[in-house]
file input_23.cif (mmCIF, C-alpha atoms)
data_structure
#
loop_
_atom_site.group_PDB
_atom_site.id
_atom_site.type_symbol
_atom_site.label_atom_id
_atom_site.label_comp_id
_atom_site.auth_asym_id
_atom_site.auth_seq_id
_atom_site.Cartn_x
_atom_site.Cartn_y
_atom_site.Cartn_z
ATOM 1 C CA MET Z 708 -17.788 -6.072 8.085
ATOM 2 C CA ASN Z 709 -18.445 -3.151 10.384
ATOM 3 C CA PHE Z 710 -15.525 -0.833 11.207
ATOM 4 C CA LYS Z 711 -17.452 1.784 13.149
ATOM 5 C CA ASN Z 712 -15.237 3.316 15.872
ATOM 6 C CA ASN Z 713 -12.098 2.195 14.001
ATOM 7 C CA ILE Z 714 -9.454 4.615 12.721
ATOM 8 C CA ALA Z 715 -7.470 3.450 9.705
ATOM 9 C CA ILE Z 716 -4.335 5.010 8.231
ATOM 10 C CA ILE Z 717 -3.645 4.054 4.608
ATOM 11 C CA THR Z 718 -0.416 5.212 2.960
ATOM 12 C CA GLY Z 719 0.144 5.753 -0.762
ATOM 13 C CA ALA Z 720 -3.412 6.677 -1.736
ATOM 14 C CA ASN Z 721 -3.359 9.316 -4.482
ATOM 15 C CA ASN Z 722 -3.898 6.997 -7.476
ATOM 16 C CA PRO Z 723 -7.723 6.905 -7.840
ATOM 17 C CA PHE Z 724 -7.445 3.486 -9.523
ATOM 18 C CA GLY Z 725 -4.949 2.184 -6.992
ATOM 19 C CA ILE Z 726 -5.078 -0.219 -4.062
ATOM 20 C CA GLY Z 727 -4.587 2.505 -1.444
ATOM 21 C CA ALA Z 728 -7.475 4.673 -2.615
ATOM 22 C CA THR Z 729 -9.778 1.685 -3.094
ATOM 23 C CA THR Z 730 -8.955 0.381 0.380
ATOM 24 C CA ALA Z 731 -9.684 3.784 1.911
ATOM 25 C CA LEU Z 732 -13.068 3.935 0.198
ATOM 26 C CA GLU Z 733 -13.965 0.417 1.353
ATOM 27 C CA PHE Z 734 -13.020 1.227 4.952
ATOM 28 C CA ALA Z 735 -15.131 4.390 4.752
ATOM 29 C CA LYS Z 736 -18.116 2.412 3.425
ATOM 30 C CA ALA Z 737 -17.715 0.065 6.396
ATOM 31 C CA GLY Z 738 -17.890 2.967 8.855
ATOM 32 C CA ALA Z 739 -14.226 3.589 9.665
ATOM 33 C CA LYS Z 740 -12.623 6.969 10.042
ATOM 34 C CA VAL Z 741 -9.939 7.017 7.346
ATOM 35 C CA VAL Z 742 -6.630 8.836 7.028
ATOM 36 C CA LEU Z 743 -5.019 8.862 3.582
ATOM 37 C CA THR Z 744 -1.409 9.808 3.028
ATOM 38 C CA TYR Z 745 0.306 10.383 -0.277
ATOM 39 C CA LYS Z 746 3.420 11.744 -1.915
ATOM 40 C CA ILE Z 747 3.429 13.323 -5.361
ATOM 41 C CA ILE Z 748 6.054 11.611 -7.525
ATOM 42 C CA HIS Z 749 7.055 13.284 -10.776
ATOM 43 C CA ARG Z 750 8.291 10.996 -13.535
ATOM 44 C CA ASN Z 751 8.378 11.467 -17.288
ATOM 45 C CA TYR Z 752 5.363 10.199 -19.221
ATOM 46 C CA ASP Z 753 3.912 10.566 -22.710
ATOM 47 C CA GLU Z 754 0.840 12.836 -22.756
ATOM 48 C CA ASN Z 755 -0.208 11.235 -26.049
ATOM 49 C CA ASN Z 756 -0.411 7.764 -24.538
ATOM 50 C CA LEU Z 757 -2.916 8.194 -21.720
ATOM 51 C CA VAL Z 758 -6.096 6.804 -23.286
ATOM 52 C CA ASN Z 759 -5.503 3.227 -22.221
ATOM 53 C CA SER Z 760 -4.068 1.885 -18.993
ATOM 54 C CA GLY Z 761 -0.302 1.721 -19.050
ATOM 55 C CA ILE Z 762 2.783 3.058 -17.410
ATOM 56 C CA ASP Z 763 2.265 6.583 -18.790
ATOM 57 C CA LEU Z 764 -1.177 6.853 -17.205
ATOM 58 C CA TYR Z 765 0.155 5.337 -13.990
ATOM 59 C CA TYR Z 766 2.959 7.910 -13.775
ATOM 60 C CA LYS Z 767 0.500 10.743 -14.454
ATOM 61 C CA LEU Z 768 -1.808 9.592 -11.653
ATOM 62 C CA ASN Z 769 1.079 9.342 -9.186
ATOM 63 C CA ALA Z 770 1.991 12.949 -9.959
ATOM 64 C CA GLU Z 771 -1.415 14.211 -8.823
ATOM 65 C CA ASN Z 772 -3.001 14.996 -5.469
ATOM 66 C CA CYS Z 773 -5.966 13.273 -3.815
ATOM 67 C CA ASP Z 774 -8.743 15.486 -5.203
ATOM 68 C CA ALA Z 775 -10.360 12.650 -7.171
ATOM 69 C CA ILE Z 776 -10.381 10.354 -4.144
ATOM 70 C CA GLU Z 777 -11.655 13.105 -1.858
ATOM 71 C CA LYS Z 778 -14.616 13.678 -4.166
ATOM 72 C CA LYS Z 779 -15.606 10.023 -3.762
ATOM 73 C CA LEU Z 780 -14.996 10.065 -0.017
ATOM 74 C CA LYS Z 781 -17.295 13.053 0.433
ATOM 75 C CA GLU Z 782 -20.145 10.970 -1.000
ATOM 76 C CA ILE Z 783 -19.568 8.343 1.714
ATOM 77 C CA THR Z 784 -18.428 10.060 4.892
ATOM 78 C CA LYS Z 785 -17.256 13.227 6.579
ATOM 79 C CA ASN Z 786 -14.806 11.261 8.705
ATOM 80 C CA TYR Z 787 -11.682 11.410 6.588
ATOM 81 C CA LEU Z 788 -8.334 13.163 6.609
ATOM 82 C CA ILE Z 789 -5.862 13.536 3.735
ATOM 83 C CA ILE Z 790 -2.192 14.283 4.428
ATOM 84 C CA GLU Z 791 0.507 14.942 1.850
ATOM 85 C CA SER Z 792 3.678 13.462 3.319
ATOM 86 C CA ASP Z 793 6.850 11.484 2.683
ATOM 87 C CA ILE Z 794 6.985 8.425 4.947
ATOM 88 C CA SER Z 795 10.738 8.117 4.432
ATOM 89 C CA MET Z 796 11.064 11.273 6.567
ATOM 90 C CA GLN Z 797 10.679 10.900 10.322
ATOM 91 C CA ALA Z 798 9.155 14.372 10.682
ATOM 92 C CA ASP Z 799 6.423 13.465 8.190
ATOM 93 C CA VAL Z 800 5.689 10.189 9.974
ATOM 94 C CA LEU Z 801 5.188 12.135 13.208
ATOM 95 C CA LYS Z 802 2.970 14.602 11.357
ATOM 96 C CA ILE Z 803 0.727 11.790 10.109
ATOM 97 C CA PHE Z 804 0.144 10.420 13.594
ATOM 98 C CA ASP Z 805 -0.118 13.846 15.252
ATOM 99 C CA GLU Z 806 -2.781 15.038 12.808
ATOM 100 C CA THR Z 807 -4.649 11.739 13.062
ATOM 101 C CA GLU Z 808 -4.779 11.988 16.857
ATOM 102 C CA GLN Z 809 -5.864 15.621 16.758
ATOM 103 C CA LYS Z 810 -8.800 14.870 14.448
ATOM 104 C CA PHE Z 811 -9.886 11.353 15.406
ATOM 105 C CA GLY Z 812 -7.742 9.879 18.200
ATOM 106 C CA ASN Z 813 -5.293 6.970 18.128
ATOM 107 C CA ALA Z 814 -5.353 4.833 15.010
ATOM 108 C CA ASN Z 815 -5.895 1.111 15.470
ATOM 109 C CA ILE Z 816 -5.458 0.061 11.817
ATOM 110 C CA LEU Z 817 -2.373 0.731 9.693
ATOM 111 C CA VAL Z 818 -2.130 -0.207 6.016
ATOM 112 C CA ASN Z 819 1.416 0.278 4.697
ATOM 113 C CA ASN Z 820 0.604 0.504 0.998
ATOM 114 C CA ALA Z 821 3.078 3.200 -0.097
ATOM 115 C CA ALA Z 822 5.964 1.900 -2.178
ATOM 116 C CA PHE Z 823 8.597 2.998 -4.655
ATOM 117 C CA GLY Z 824 10.158 1.143 -7.558
ATOM 118 C CA SER Z 825 12.495 2.462 -10.216
ATOM 119 C CA ASP Z 826 11.797 2.092 -13.931
ATOM 120 C CA LYS Z 827 14.555 -0.468 -14.309
ATOM 121 C CA ASP Z 828 17.320 -1.761 -12.095
ATOM 122 C CA THR Z 829 19.523 -4.726 -12.798
ATOM 123 C CA ILE Z 830 22.818 -5.744 -11.250
ATOM 124 C CA PHE Z 831 24.444 -4.070 -14.237
ATOM 125 C CA SER Z 832 22.609 -0.766 -13.982
ATOM 126 C CA VAL Z 833 21.511 -0.273 -10.373
ATOM 127 C CA THR Z 834 22.732 2.917 -8.711
ATOM 128 C CA ASN Z 835 23.230 3.858 -5.090
ATOM 129 C CA ASN Z 836 20.427 6.379 -5.489
ATOM 130 C CA THR Z 837 17.996 3.662 -6.608
ATOM 131 C CA ILE Z 838 18.950 1.503 -3.627
ATOM 132 C CA ASP Z 839 18.463 4.392 -1.208
ATOM 133 C CA GLU Z 840 15.174 5.622 -2.709
ATOM 134 C CA THR Z 841 13.613 2.177 -2.784
ATOM 135 C CA PHE Z 842 14.644 1.043 0.683
ATOM 136 C CA ASP Z 843 13.935 4.458 2.216
ATOM 137 C CA VAL Z 844 10.254 4.172 1.295
ATOM 138 C CA ASN Z 845 9.551 0.455 1.147
ATOM 139 C CA VAL Z 846 11.504 -0.632 4.224
ATOM 140 C CA LYS Z 847 12.549 2.363 6.313
ATOM 141 C CA GLY Z 848 9.249 4.204 5.764
ATOM 142 C CA THR Z 849 7.148 1.137 6.537
ATOM 143 C CA LEU Z 850 9.235 0.408 9.624
ATOM 144 C CA MET Z 851 8.943 3.974 10.933
ATOM 145 C CA MET Z 852 5.169 3.910 10.423
ATOM 146 C CA ILE Z 853 4.929 0.639 12.356
ATOM 147 C CA ARG Z 854 7.182 1.934 15.131
ATOM 148 C CA GLU Z 855 5.085 5.068 15.632
ATOM 149 C CA PHE Z 856 1.828 3.082 15.455
ATOM 150 C CA VAL Z 857 3.040 0.695 18.163
ATOM 151 C CA LYS Z 858 4.451 3.514 20.297
ATOM 152 C CA ARG Z 859 1.094 5.324 20.396
ATOM 153 C CA TYR Z 860 -1.164 2.283 20.401
ATOM 154 C CA ILE Z 861 -3.713 2.174 23.232
ATOM 155 C CA ASN Z 862 -6.489 -0.187 22.070
ATOM 156 C CA GLN Z 863 -6.728 -3.987 22.073
ATOM 157 C CA ASN Z 864 -7.620 -4.705 18.464
ATOM 158 C CA GLY Z 865 -4.667 -3.321 16.555
ATOM 159 C CA LYS Z 866 -4.145 -4.424 12.973
ATOM 160 C CA ILE Z 867 -1.126 -3.783 10.753
ATOM 161 C CA ILE Z 868 -1.141 -4.851 7.112
ATOM 162 C CA ASN Z 869 2.099 -4.586 5.140
ATOM 163 C CA PHE Z 870 2.721 -5.005 1.433
ATOM 164 C CA SER Z 871 5.045 -7.539 -0.089
ATOM 165 C CA SER Z 872 4.704 -8.795 -3.666
ATOM 166 C CA ASP Z 873 4.500 -12.225 -5.186
ATOM 167 C CA ASN Z 874 7.596 -11.108 -7.090
ATOM 168 C CA ALA Z 875 9.444 -11.924 -3.874
ATOM 169 C CA TYR Z 876 8.817 -15.597 -4.708
ATOM 170 C CA HIS Z 877 9.833 -15.490 -8.375
ATOM 171 C CA SER Z 878 12.690 -14.020 -10.342
ATOM 172 C CA PHE Z 879 11.768 -10.544 -11.505
ATOM 173 C CA SER Z 880 14.406 -9.200 -13.839
ATOM 174 C CA ASP Z 881 14.930 -5.444 -14.014
ATOM 175 C CA GLN Z 882 13.562 -4.945 -10.474
ATOM 176 C CA ILE Z 883 16.158 -6.475 -8.164
ATOM 177 C CA ILE Z 884 16.050 -3.733 -5.516
ATOM 178 C CA TYR Z 885 12.250 -3.569 -5.401
ATOM 179 C CA VAL Z 886 12.047 -7.338 -4.923
ATOM 180 C CA ALA Z 887 14.734 -7.246 -2.226
ATOM 181 C CA SER Z 888 12.814 -4.543 -0.350
ATOM 182 C CA LYS Z 889 9.652 -6.644 -0.406
ATOM 183 C CA ALA Z 890 11.509 -9.690 0.915
ATOM 184 C CA ALA Z 891 12.694 -7.482 3.780
ATOM 185 C CA ILE Z 892 9.082 -6.518 4.541
ATOM 186 C CA GLU Z 893 8.156 -10.182 4.900
ATOM 187 C CA SER Z 894 10.961 -10.768 7.387
ATOM 188 C CA LEU Z 895 9.982 -7.688 9.387
ATOM 189 C CA THR Z 896 6.358 -8.805 9.430
ATOM 190 C CA ARG Z 897 7.184 -12.194 10.931
ATOM 191 C CA THR Z 898 9.612 -10.807 13.490
ATOM 192 C CA ILE Z 899 7.505 -7.863 14.635
ATOM 193 C CA ALA Z 900 4.487 -10.164 15.041
ATOM 194 C CA CYS Z 901 6.314 -11.912 17.884
ATOM 195 C CA GLU Z 902 7.062 -8.587 19.574
ATOM 196 C CA VAL Z 903 3.646 -6.902 19.453
ATOM 197 C CA GLU Z 904 1.287 -9.784 20.158
ATOM 198 C CA LYS Z 905 1.331 -8.973 23.873
ATOM 199 C CA LEU Z 906 -0.105 -5.539 23.015
ATOM 200 C CA GLY Z 907 -3.063 -7.064 21.198
ATOM 201 C CA ILE Z 908 -1.712 -6.188 17.749
ATOM 202 C CA THR Z 909 -1.658 -8.527 14.774
ATOM 203 C CA ILE Z 910 0.586 -7.847 11.800
ATOM 204 C CA ASN Z 911 0.413 -9.549 8.433
ATOM 205 C CA ALA Z 912 1.559 -8.897 4.890
ATOM 206 C CA ILE Z 913 -0.155 -9.409 1.575
ATOM 207 C CA ALA Z 914 1.688 -10.198 -1.636
ATOM 208 C CA PRO Z 915 -0.315 -9.078 -4.679
ATOM 209 C CA ARG Z 916 0.741 -9.424 -8.299
ATOM 210 C CA LEU Z 917 -0.637 -8.305 -11.646
ATOM 211 C CA THR Z 918 -3.289 -6.054 -10.167
ATOM 212 C CA GLN Z 919 -4.762 -3.507 -12.534
ATOM 213 C CA ALA Z 920 -4.042 -0.155 -10.938
ATOM 214 C CA ALA Z 921 -3.916 1.609 -14.330
ATOM 215 C CA TRP Z 922 -0.392 0.395 -15.154
ATOM 216 C CA ILE Z 923 -1.114 -2.697 -17.262
ATOM 217 C CA ASN Z 924 -1.895 -2.014 -20.919
ATOM 218 C CA LYS Z 925 -3.675 -4.412 -23.257
ATOM 219 C CA ILE Z 926 -0.432 -5.742 -24.710
ATOM 220 C CA LEU Z 927 0.983 -6.636 -21.304
ATOM 221 C CA GLU Z 928 -2.359 -8.073 -20.191
ATOM 222 C CA LYS Z 929 -2.371 -10.449 -23.147
ATOM 223 C CA GLU Z 930 1.184 -11.527 -22.340
ATOM 224 C CA VAL Z 931 0.598 -12.272 -18.663
ATOM 225 C CA LEU Z 932 -2.871 -13.844 -18.654
ATOM 226 C CA PRO Z 933 -1.563 -17.340 -19.557
ATOM 227 C CA SER Z 934 0.428 -17.290 -16.291
ATOM 228 C CA ILE Z 935 -2.705 -16.675 -14.177
ATOM 229 C CA PRO Z 936 -4.830 -19.795 -13.558
ATOM 230 C CA LEU Z 937 -7.902 -17.690 -12.729
ATOM 231 C CA ALA Z 938 -7.534 -16.080 -16.165
ATOM 232 C CA ARG Z 939 -7.949 -12.430 -15.218
ATOM 233 C CA LEU Z 940 -6.002 -9.570 -13.780
ATOM 234 C CA GLY Z 941 -6.495 -8.710 -10.139
ATOM 235 C CA THR Z 942 -8.500 -5.641 -9.218
ATOM 236 C CA PRO Z 943 -7.856 -3.158 -6.417
ATOM 237 C CA GLU Z 944 -11.105 -4.428 -4.889
ATOM 238 C CA ASP Z 945 -9.644 -7.953 -4.720
ATOM 239 C CA ILE Z 946 -6.767 -6.635 -2.625
ATOM 240 C CA ALA Z 947 -8.927 -4.284 -0.540
ATOM 241 C CA ASN Z 948 -11.214 -7.175 0.401
ATOM 242 C CA MET Z 949 -8.273 -9.096 1.859
ATOM 243 C CA ILE Z 950 -7.032 -6.013 3.697
ATOM 244 C CA LEU Z 951 -10.427 -5.454 5.319
ATOM 245 C CA PHE Z 952 -10.594 -9.109 6.289
ATOM 246 C CA LEU Z 953 -7.155 -8.973 7.949
ATOM 247 C CA ALA Z 954 -8.171 -5.760 9.737
ATOM 248 C CA SER Z 955 -11.361 -7.330 11.059
ATOM 249 C CA GLU Z 956 -12.044 -9.422 14.124
ATOM 250 C CA LYS Z 957 -12.614 -12.367 11.783
ATOM 251 C CA ALA Z 958 -8.816 -12.480 11.390
ATOM 252 C CA SER Z 959 -8.020 -12.134 15.079
ATOM 253 C CA TRP Z 960 -6.013 -15.396 15.157
ATOM 254 C CA ILE Z 961 -3.870 -14.635 12.115
ATOM 255 C CA THR Z 962 -0.518 -12.924 12.588
ATOM 256 C CA GLY Z 963 2.975 -13.010 11.144
ATOM 257 C CA GLN Z 964 1.701 -14.347 7.827
ATOM 258 C CA VAL Z 965 2.268 -13.424 4.188
ATOM 259 C CA LEU Z 966 -0.785 -14.058 2.020
ATOM 260 C CA ILE Z 967 -0.248 -14.254 -1.730
ATOM 261 C CA ILE Z 968 -3.105 -12.699 -3.709
ATOM 262 C CA SER Z 969 -2.330 -13.307 -7.353
ATOM 263 C CA GLY Z 970 -5.008 -15.446 -8.964
ATOM 264 C CA GLY Z 971 -2.571 -18.330 -8.748
ATOM 265 C CA HIS Z 972 0.088 -16.502 -10.755
ATOM 266 C CA GLU Z 973 2.885 -18.867 -11.786
ATOM 267 C CA LEU Z 974 1.828 -21.702 -9.509
#
call {"tool": "encode", "arguments": {"input": "input_23.cif", "output": "structure tokens"}}
result
Amino acid sequence: MNFKNNIAIITGANNPFGIGATTALEFAKAGAKVVLTYKIIHRNYDENNLVNSGIDLYYKLNAENCDAIEKKLKEITKNYLIIESDISMQADVLKIFDETEQKFGNANILVNNAAFGSDKDTIFSVTNNTIDETFDVNVKGTLMMIREFVKRYINQNGKIINFSSDNAYHSFSDQIIYVASKAAIESLTRTIACEVEKLGITINAIAPRLTQAAWINKILEKEVLPSIPLARLGTPEDIANMILFLASEKASWITGQVLIISGGHEL
């Protein structure tokens, strides 16, 4: 697929093994001008447990900037922009779009990858702070990014790709607020699709699960593989391929949909 003359904004892209960074690199390879946004999140992790993939490595990567991704981007293109920002803040959302316009022009592709989930939240332990943090990023932040994209949109091939999770279709203990936020994204996707079609914008959501973005260790992998009919973990490339398809003209008659990308997880 050729994305020359396209401008893509991808949020949540500072994990070099993550979906956001991989998607940005794939768009760049296909000729798009890419804008990466990220927020450094500091959480406790064990420095002695970083050799293998796992939650400690994942937390370390999310506490870093985009230097590793920028190094790879430089080998592909000069047409990129990296912005440190917090999409739960309206001023930062405006900054993302202002800086994009100043460097490249109006974006016509938006990938709302950024998300937040707490270590553990159940109905017995969830706090107001966890509710606010999760919904501020996953729902409010995504919604503000969409609103600003639509407000400034001037082309006729606009593509918005949101992120749900296949957890929204199954019980997922210890993550009740995260799952609720993803269900909200699906509802927003369907509803907004009916409102923006007259502008030439399609909006869809993908629902990945069990994708190796450096957070699944060997023990967890062994536990979950029996629940995946295709018998392997997903890769960031698997998800990026679907994102590029939905952002292409090949998907011009698809809107308001949620596509589960999970290797058949728990069919």
call {"tool": "atom_distance", "arguments": {"input": "input_23.cif", "atom1": "CA of Ile853 (chain Z)", "atom2": "CA of Asn869 (chain Z)"}}
result
9.3 Å
call {"tool": "residues_around", "arguments": {"input": "input_23.cif", "residues": "region 750-758 of chain Z", "least_positions_apart": "3", "cutoff": "12 Å", "atoms": "all atoms listed in the file", "output": "PyMOL selection string"}}
result
chain Z and resi 747+761-771+823-826+921-925
call {"tool": "closest_residue", "arguments": {"input": "input_23.cif", "among": "Z:Thr849, Z:Ser934, Z:Asn713, Z:Asn948", "to": "Ile968 (chain Z)", "atoms": "only C-alpha atoms"}}
result
Z:Asn948
call {"tool": "residues_around", "arguments": {"input": "input_23.cif", "residues": "Leu953 (chain Z)", "least_positions_apart": "5", "cutoff": "10 Å", "atoms": "all atoms listed in the file", "output": "list in words"}}
result
Ile816, Lys866, Ile867, Ile868, Thr909, Ile910, Asn911, Ala912, Ile913, Ala947, Asn948, Ala958, Ser959, Trp960, Ile961 and Thr962 of chain Z
call {"tool": "closest_residue", "arguments": {"input": "input_23.cif", "among": "Z:Val833, Z:Ala954, Z:Val844, Z:Leu966", "to": "Asn709 (chain Z)", "atoms": "only C-alpha atoms"}}
result
Z:Ala954
call {"tool": "closest_atom_pairs", "arguments": {"input": "input_23.cif", "of": "region 752-869 of chain Z", "to": "region 884-888 of chain Z", "cutoff": "12 Å", "atoms": "all atoms listed in the file", "output": "Markdown table"}}
result
| residue | atom | partner | partner_atom | distance |
| --- | --- | --- | --- | --- |
| Z:Ala822 | CA | Z:Tyr885 | CA | 8.9 |
| Z:Phe823 | CA | Z:Tyr885 | CA | 7.6 |
| Z:Gly824 | CA | Z:Tyr885 | CA | 5.6 |
| Z:Ser825 | CA | Z:Tyr885 | CA | 7.7 |
| Z:Asp826 | CA | Z:Tyr885 | CA | 10.2 |
| Z:Lys827 | CA | Z:Ile884 | CA | 9.5 |
| Z:Asp828 | CA | Z:Ile884 | CA | 7.0 |
| Z:Thr829 | CA | Z:Ile884 | CA | 8.1 |
| Z:Ile830 | CA | Z:Ile884 | CA | 9.1 |
| Z:Ser832 | CA | Z:Ile884 | CA | 11.1 |
| Z:Val833 | CA | Z:Ile884 | CA | 8.1 |
| Z:Thr834 | CA | Z:Ile884 | CA | 10.0 |
| Z:Asn835 | CA | Z:Ile884 | CA | 10.5 |
| Z:Asn836 | CA | Z:Ile884 | CA | 11.0 |
| Z:Thr837 | CA | Z:Ile884 | CA | 7.7 |
| Z:Ile838 | CA | Z:Ile884 | CA | 6.3 |
| Z:Asp839 | CA | Z:Ile884 | CA | 9.5 |
| Z:Glu840 | CA | Z:Ile884 | CA | 9.8 |
| Z:Thr841 | CA | Z:Tyr885 | CA | 6.5 |
| Z:Phe842 | CA | Z:Ser888 | CA | 6.0 |
| Z:Asp843 | CA | Z:Ser888 | CA | 9.4 |
| Z:Val844 | CA | Z:Ser888 | CA | 9.2 |
| Z:Asn845 | CA | Z:Ser888 | CA | 6.2 |
| Z:Val846 | CA | Z:Ser888 | CA | 6.2 |
| Z:Lys847 | CA | Z:Ser888 | CA | 9.6 |
| Z:Gly848 | CA | Z:Ser888 | CA | 11.3 |
| Z:Thr849 | CA | Z:Ser888 | CA | 10.6 |
| Z:Leu850 | CA | Z:Ser888 | CA | 11.7 |
call {"tool": "closest_residue", "arguments": {"input": "input_23.cif", "among": "Z:Thr729, Z:Gly971, Z:Glu902, Z:Ile946", "to": "Pro933 (chain Z)", "atoms": "all atoms listed in the file"}}
result
Z:Gly971
call {"tool": "atom_distance", "arguments": {"input": "input_23.cif", "atom1": "CA of Lys802 (chain Z)", "atom2": "CA of Ala814 (chain Z)"}}
result
13.3 Å
call {"tool": "axis_aligned_box", "arguments": {"input": "input_23.cif", "around": "region 754-772 of chain Z", "padding_each_side": "4 Å", "output": "JSON"}}
result
{"center_x": -1.6, "center_y": 8.4, "center_z": -15.8, "size_x": 17.1, "size_y": 21.3, "size_z": 28.6}
call {"tool": "resolve_selection", "arguments": {"input": "input_23.cif", "expression": "the PyMOL selection byres ((chain Z and resi 803-807) around 8)", "output": "ChimeraX atom specification"}}
result
/Z:742,744,788,790,792,799-802,808-814,855-856
call {"tool": "closest_residue", "arguments": {"input": "input_23.cif", "among": "Z:Ile908, Z:Ala737, Z:Leu817, Z:Ala775", "to": "Thr718 (chain Z)", "atoms": "only C-alpha atoms"}}
result
Z:Leu817
call {"tool": "atom_distance", "arguments": {"input": "input_23.cif", "atom1": "CA of Gln882 (chain Z)", "atom2": "CA of Arg854 (chain Z)"}}
result
27.3 Å
